[in-house]
Structures are given as structure tokens and as C-alpha cells.
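> For reference, the file final.pdb (PDB, C-alpha atoms) is included below:
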ATOM      1  CA  MET A   1      66.875  69.612 141.258
ATOM      2  CA  ALA A   2      67.770  67.720 138.129
ATOM      3  CA  GLU A   3      66.098  70.445 136.116
ATOM      4  CA  GLU A   4      68.209  73.093 137.839
ATOM      5  CA  LYS A   5      71.405  71.203 137.027
ATOM      6  CA  ALA A   6      70.312  70.827 133.399
ATOM      7  CA  ALA A   7      69.460  74.554 133.215
ATOM      8  CA  LYS A   8      72.842  75.522 134.717
ATOM      9  CA  LYS A   9      74.601  73.138 132.349
ATOM     10  CA  SER A  10      72.829  74.600 129.289
ATOM     11  CA  ARG A  11      73.540  78.165 130.480
ATOM     12  CA  SER A  12      77.213  77.367 130.944
ATOM     13  CA  LYS A  13      77.316  75.787 127.477
ATOM     14  CA  LEU A  14      75.591  78.859 126.023
ATOM     15  CA  GLY A  15      78.029  81.145 127.856
ATOM     16  CA  LEU A  16      80.950  79.099 126.541
ATOM     17  CA  VAL A  17      79.578  79.320 122.981
ATOM     18  CA  TRP A  18      79.191  83.099 123.320
ATOM     19  CA  LEU A  19      82.738  83.407 124.669
ATOM     20  CA  VAL A  20      84.175  81.372 121.800
ATOM     21  CA  LEU A  21      82.124  83.364 119.250
ATOM     22  CA  VAL A  22      83.261  86.740 120.641
ATOM     23  CA  THR A  23      86.885  85.533 120.747
ATOM     24  CA  LEU A  24      86.701  84.416 117.114
ATOM     25  CA  LEU A  25      85.163  87.693 115.967
ATOM     26  CA  VAL A  26      87.767  89.764 117.813
ATOM     27  CA  GLY A  27      90.528  87.546 116.432
ATOM     28  CA  MET A  28      89.211  87.907 112.891
ATOM     29  CA  GLY A  29      89.074  91.687 113.248
ATOM     30  CA  VAL A  30      92.624  91.927 114.555
ATOM     31  CA  GLY A  31      93.831  89.417 111.977
ATOM     32  CA  THR A  32      92.313  91.448 109.164
ATOM     33  CA  PHE A  33      94.299  94.517 110.143
ATOM     34  CA  VAL A  34      97.532  92.572 110.642
ATOM     35  CA  LEU A  35      97.190  90.664 107.370
ATOM     36  CA  ALA A  36      96.257  93.837 105.482
ATOM     37  CA  ASP A  37      99.601  95.335 106.552
ATOM     38  CA  TYR A  38     101.481  92.203 105.457
ATOM     39  CA  LYS A  39      99.551  92.098 102.186
ATOM     40  CA  ALA A  40     100.389  95.736 101.449
ATOM     41  CA  ARG A  41     104.054  95.086 102.156
ATOM     42  CA  PHE A  42     104.027  91.941 100.024
ATOM     43  CA  ILE A  43     102.398  93.691  97.054
ATOM     44  CA  ASP A  44     104.677  96.734  97.289
ATOM     45  CA  GLY A  45     107.971  94.953  97.736
ATOM     46  CA  GLY A  46     107.615  91.214  97.982
ATOM     47  CA  MET A  47     108.975  89.169 100.835
ATOM     48  CA  ALA A  48     112.133  91.262 100.926
ATOM     49  CA  ALA A  49     110.087  94.288 102.042
ATOM     50  CA  TRP A  50     109.269  92.517 105.312
ATOM     51  CA  PHE A  51     112.907  92.217 106.220
ATOM     52  CA  ALA A  52     114.450  95.151 104.349
ATOM     53  CA  PRO A  53     116.041  97.775 106.557
ATOM     54  CA  GLU A  54     114.976 101.355 106.241
ATOM     55  CA  PRO A  55     117.213 103.277 103.805
ATOM     56  CA  VAL A  56     120.000 105.257 105.388
ATOM     57  CA  VAL A  57     119.752 108.958 104.710
ATOM     58  CA  ALA A  58     123.053 110.819 104.545
ATOM     59  CA  VAL A  59     123.231 114.305 105.965
ATOM     60  CA  GLU A  60     125.543 115.434 103.198
ATOM     61  CA  PRO A  61     124.556 115.019  99.565
ATOM     62  CA  GLN A  62     126.250 112.184  97.706
ATOM     63  CA  PHE A  63     127.337 112.615  94.069
ATOM     64  CA  LYS A  64     127.761 110.097  91.266
ATOM     65  CA  PRO A  65     129.677 111.563  88.312
ATOM     66  CA  LEU A  66     128.849 110.104  84.898
ATOM     67  CA  GLU A  67     131.430 109.634  82.192
ATOM     68  CA  GLN A  68     131.676 112.309  79.515
ATOM     69  CA  PHE A  69     129.042 112.397  76.777
ATOM     70  CA  VAL A  70     129.693 113.546  73.216
ATOM     71  CA  ILE A  71     126.422 114.350  71.481
ATOM     72  CA  GLY A  72     125.910 115.355  67.859
ATOM     73  CA  LEU A  73     123.735 118.420  67.312
ATOM     74  CA  PRO A  74     122.374 118.807  63.788
ATOM     75  CA  SER A  75     122.304 122.268  62.240
ATOM     76  CA  LEU A  76     121.475 123.771  58.844
ATOM     77  CA  GLU A  77     125.051 124.894  58.091
ATOM     78  CA  ARG A  78     127.079 122.061  59.635
ATOM     79  CA  ASN A  79     126.956 119.531  62.423
ATOM     80  CA  HIS A  80     127.960 120.627  65.895
ATOM     81  CA  TYR A  81     129.026 118.561  68.861
ATOM     82  CA  MET A  82     128.275 118.978  72.525
ATOM     83  CA  VAL A  83     130.585 117.632  75.219
ATOM     84  CA  LEU A  84     128.672 117.108  78.432
ATOM     85  CA  GLU A  85     129.585 115.929  81.919
ATOM     86  CA  LEU A  86     127.001 115.301  84.623
ATOM     87  CA  ALA A  87     126.856 114.411  88.276
ATOM     88  CA  LEU A  88     123.777 112.875  89.886
ATOM     89  CA  MET A  89     122.982 113.769  93.484
ATOM     90  CA  SER A  90     121.158 111.819  96.183
ATOM     91  CA  ARG A  91     121.133 111.739  99.959
ATOM     92  CA  TYR A  92     120.765 107.929  99.909
ATOM     93  CA  PRO A  93     124.262 106.374  99.608
ATOM     94  CA  ASP A  94     122.826 102.905  99.002
ATOM     95  CA  GLN A  95     121.041 104.211  95.897
ATOM     96  CA  LEU A  96     124.330 105.379  94.361
ATOM     97  CA  VAL A  97     125.593 101.807  94.538
ATOM     98  CA  LEU A  98     122.387 100.531  92.930
ATOM     99  CA  TRP A  99     122.716 103.070  90.108
ATOM    100  CA  ASP A 100     125.841 101.205  88.983
ATOM    101  CA  THR A 101     123.658  98.244  88.027
ATOM    102  CA  VAL A 102     121.541 100.394  85.691
ATOM    103  CA  LEU A 103     124.258 102.830  84.597
ATOM    104  CA  PRO A 104     123.944 101.924  80.893
ATOM    105  CA  ALA A 105     120.215 102.707  81.058
ATOM    106  CA  LEU A 106     120.889 106.036  82.792
ATOM    107  CA  ARG A 107     123.460 106.970  80.149
ATOM    108  CA  ASN A 108     121.010 105.926  77.411
ATOM    109  CA  THR A 109     118.285 108.089  78.945
ATOM    110  CA  THR A 110     120.646 111.060  78.984
ATOM    111  CA  LEU A 111     121.685 110.534  75.361
ATOM    112  CA  SER A 112     118.067 110.071  74.270
ATOM    113  CA  TYR A 113     117.041 113.268  76.029
ATOM    114  CA  PHE A 114     119.707 115.418  74.379
ATOM    115  CA  SER A 115     119.453 113.759  70.970
ATOM    116  CA  SER A 116     116.024 115.324  70.516
ATOM    117  CA  PHE A 117     117.601 118.821  70.360
ATOM    118  CA  ASP A 118     119.334 120.526  67.495
ATOM    119  CA  HIS A 119     122.092 123.132  67.788
ATOM    120  CA  GLN A 120     119.690 126.093  67.796
ATOM    121  CA  GLN A 121     117.477 124.612  70.529
ATOM    122  CA  VAL A 122     120.457 123.918  72.776
ATOM    123  CA  GLN A 123     121.702 127.493  72.302
ATOM    124  CA  GLU A 124     118.277 128.829  73.292
ATOM    125  CA  HIS A 125     118.027 126.600  76.354
ATOM    126  CA  LEU A 126     121.509 127.493  77.582
ATOM    127  CA  GLN A 127     120.041 130.691  78.994
ATOM    128  CA  ASP A 128     118.304 128.526  81.597
ATOM    129  CA  LEU A 129     120.584 125.577  82.355
ATOM    130  CA  SER A 130     118.367 124.490  85.253
ATOM    131  CA  HIS A 131     115.665 123.650  82.682
ATOM    132  CA  PHE A 132     117.914 120.931  81.220
ATOM    133  CA  GLU A 133     118.783 119.671  84.690
ATOM    134  CA  GLN A 134     115.169 119.440  85.893
ATOM    135  CA  GLU A 135     113.871 117.691  82.792
ATOM    136  CA  LEU A 136     116.781 115.261  82.809
ATOM    137  CA  GLN A 137     116.184 114.521  86.501
ATOM    138  CA  THR A 138     112.569 113.626  85.718
ATOM    139  CA  ALA A 139     113.631 111.409  82.792
ATOM    140  CA  LEU A 140     116.241 109.592  84.911
ATOM    141  CA  ASN A 141     113.816 109.014  87.782
ATOM    142  CA  ASP A 142     111.248 107.667  85.322
ATOM    143  CA  ARG A 143     113.848 105.221  83.999
ATOM    144  CA  LEU A 144     114.776 104.131  87.535
ATOM    145  CA  SER A 145     111.100 103.567  88.315
ATOM    146  CA  SER A 146     110.725 101.444  85.193
ATOM    147  CA  TYR A 147     113.373  99.109  86.660
ATOM    148  CA  GLN A 148     111.555  98.994  90.034
ATOM    149  CA  TYR A 149     114.140 101.240  91.736
ATOM    150  CA  ASP A 150     113.238 104.194  93.892
ATOM    151  CA  PRO A 151     113.229 107.468  91.924
ATOM    152  CA  SER A 152     116.217 108.651  93.934
ATOM    153  CA  VAL A 153     117.931 111.227  91.693
ATOM    154  CA  GLU A 154     117.429 114.376  93.739
ATOM    155  CA  ALA A 155     119.378 116.625  91.388
ATOM    156  CA  VAL A 156     121.264 116.560  88.105
ATOM    157  CA  LEU A 157     124.254 118.868  87.930
ATOM    158  CA  ILE A 158     125.768 119.761  84.594
ATOM    159  CA  THR A 159     129.426 120.043  85.511
ATOM    160  CA  LYS A 160     130.810 120.615  82.003
ATOM    161  CA  LEU A 161     129.197 121.745  78.787
ATOM    162  CA  VAL A 162     131.102 122.594  75.623
ATOM    163  CA  ILE A 163     129.498 123.142  72.222
ATOM    164  CA  GLN A 164     131.682 123.091  69.102
TER
END
Do you think you could lay out the structure here as C-alpha cells?

Amino acid sequence: MAEEKAAKKSRSKLGLVWLVLVTLLVGMGVGTFVLADYKARFIDGGMAAWFAPEPVVAVEPQFKPLEQFVIGLPSLERNHYMVLELALMSRYPDQLVLWDTVLPALRNTTLSYFSSFDHQQVQEHLQDLSHFEQELQTALNDRLSSYQYDPSVEAVLITKLVIQ
């Protein structure tokens, strides 16, 4: 009888050990998946990403006009000048507000892009104005990304272009 009690006691201890072991393994498996999600969020956006609300998408496009640019265009005969006005478009209104913080960098990117052209090249590219807009959009989104902002410029619209 004493042997039976000892056998039951050891079986119950063994069953308890197995139960604890299975619980720990299941907990570790679930924890791995949960922590992997938190780790990915932490690496991508820091602690703020855990609590950041999803960006609001506007139905209508939102536009951010940039101040007028005056760009010198070298030429063989004489120097020419280009007067340029742009508007940036996004469907994320919160991004337009953030652009204000990096507006000098966006203006610099625009000036740098156009300063690589001379008068003849600009005249040739005027046949396809969308070419300028697409390349400038890429350059602006690259600059935004370099400052850890979302590349949120969905379109660049040249609203005024005068060459003298």
C-alpha cells in the first residue's frame, strides 16, 4: 500500500512536471511571435510607433504650393533665367504639415535638380514637362526619406514656368 501511494505520488509529480514544461514551451512560442511584432515596430519606428495612430488619408488631394524659384540657366550666348512655381500633392494632410519642418531642404533639392541643366537642356525637356515633374518627385521623396519622413510626395505640379 505504501508503494502504491509512492507510485501515485511520483506519477502526479511527473504529470505536474510535464504540465509545467508544456506550458512553458507554449508560452515561449507565443511570446516569440508577440515580441517579434514589438521588435519589428521598435526597429521601424521606435517607441512612438507603438502608440502612433494610423495616418489619415484624405479623399481629395491636398496641395502645398512652394514659393517661386528663380534659377539661372547658363548658355553659350548669354545667361538665361527660369522662373518656376511648384505645388506638391499628397493625400495625407498630416504630411503637408510635416513638410513645413523640412521646407528649406525641399527647396534646396528643387534648386539642385534644376541647377544641373543649361538653357538648351531645359528647352529640350519642355516638350515633356511630366519628365521634370516625375524626376523631381523622386528627388523630393528621396530627400524626405533621408530625414526619416515617409516619401509622401505623390505628385509635383509645375504651375508656372517662364524662361527669359
> Specify the axis-aligned box that encloses all atoms of stretch 74-82 of chain A listed in the file after padding of 5 Å on each side, stating its centre and edge lengths in Å to one decimal as AutoDock Vina command-line options.

--center_x 125.3 --center_y 121.7 --center_z 65.3 --size_x 17.6 --size_y 16.3 --size_z 24.4
> For a quick check of understanding, using all atoms listed in the file, which of A:Glu67, A:Asp150, A:Glu133, A:Asp128 has the smallest distance to A:Pro104?
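Looking at the shortest contact to A:Pro104, the residue is A:Glu67.
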> Report, in Å to a single decimal, how far apart atom CA of A:Gln121 and atom CA of A:Leu106 are.
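Computed distance, atom CA of A:Leu106 to atom CA of A:Gln121, equals 22.5 Å.
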> Name the residues, using the chain letters and numbers of the file, that sit within 7 Å of (127.2, 121.1, 80.0) when counting all atoms listed in the file, and give them as a PDB file with C-alpha atoms, in the coordinates of the input.

ATOM      1  CA  VAL A  83     130.585 117.632  75.219  1.00  0.00           C
ATOM      2  CA  LEU A  84     128.672 117.108  78.432  1.00  0.00           C
ATOM      3  CA  GLU A  85     129.585 115.929  81.919  1.00  0.00           C
ATOM      4  CA  ILE A 158     125.768 119.761  84.594  1.00  0.00           C
ATOM      5  CA  THR A 159     129.426 120.043  85.511  1.00  0.00           C
ATOM      6  CA  LYS A 160     130.810 120.615  82.003  1.00  0.00           C
ATOM      7  CA  LEU A 161     129.197 121.745  78.787  1.00  0.00           C
ATOM      8  CA  VAL A 162     131.102 122.594  75.623  1.00  0.00           C
TER       9      VAL A 162
END
> With the PyMOL selection byres ((chain A and resi 143) around 12) as the selection, what would be picked from this file? Answer as a PyMOL selection string, please.
chain A and resi 99+102-110+112-113+136-142+144-153
> What does the distance from atom CA of A:Gln123 to atom CA of A:Val156 come to in Å, to one decimal?
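Spanning atom CA of A:Gln123 to atom CA of A:Val156 is a straight-line distance of 19.2 Å.
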> Output the residue selection produced by the PyMOL selection byres ((chain A and resi 80) around 12) on the file above, formatted as a list in words.
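On this input, the PyMOL selection byres ((chain A and resi 80) around 12) captures Val70, Ile71, Gly72, Leu73, Pro74, Ser75, Leu76, Glu77, Arg78, Asn79, Tyr81, Met82, Val83, Phe117, Asp118, His119, Gln120, Val122, Gln123, Val162, Ile163 and Gln164 of chain A.
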> Point out the residue among A:Gln95, A:Ser90, A:Thr101, A:Thr32 with the least atom-to-atom distance to A:Val59, counting only C-alpha atoms.
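Of the candidates, the smallest distance to A:Val59 is held by A:Ser90.
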> Quick one: distance from atom CA of A:Leu126 to atom CA of A:Leu157 in Å, one decimal?
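It comes out at 13.7 Å.
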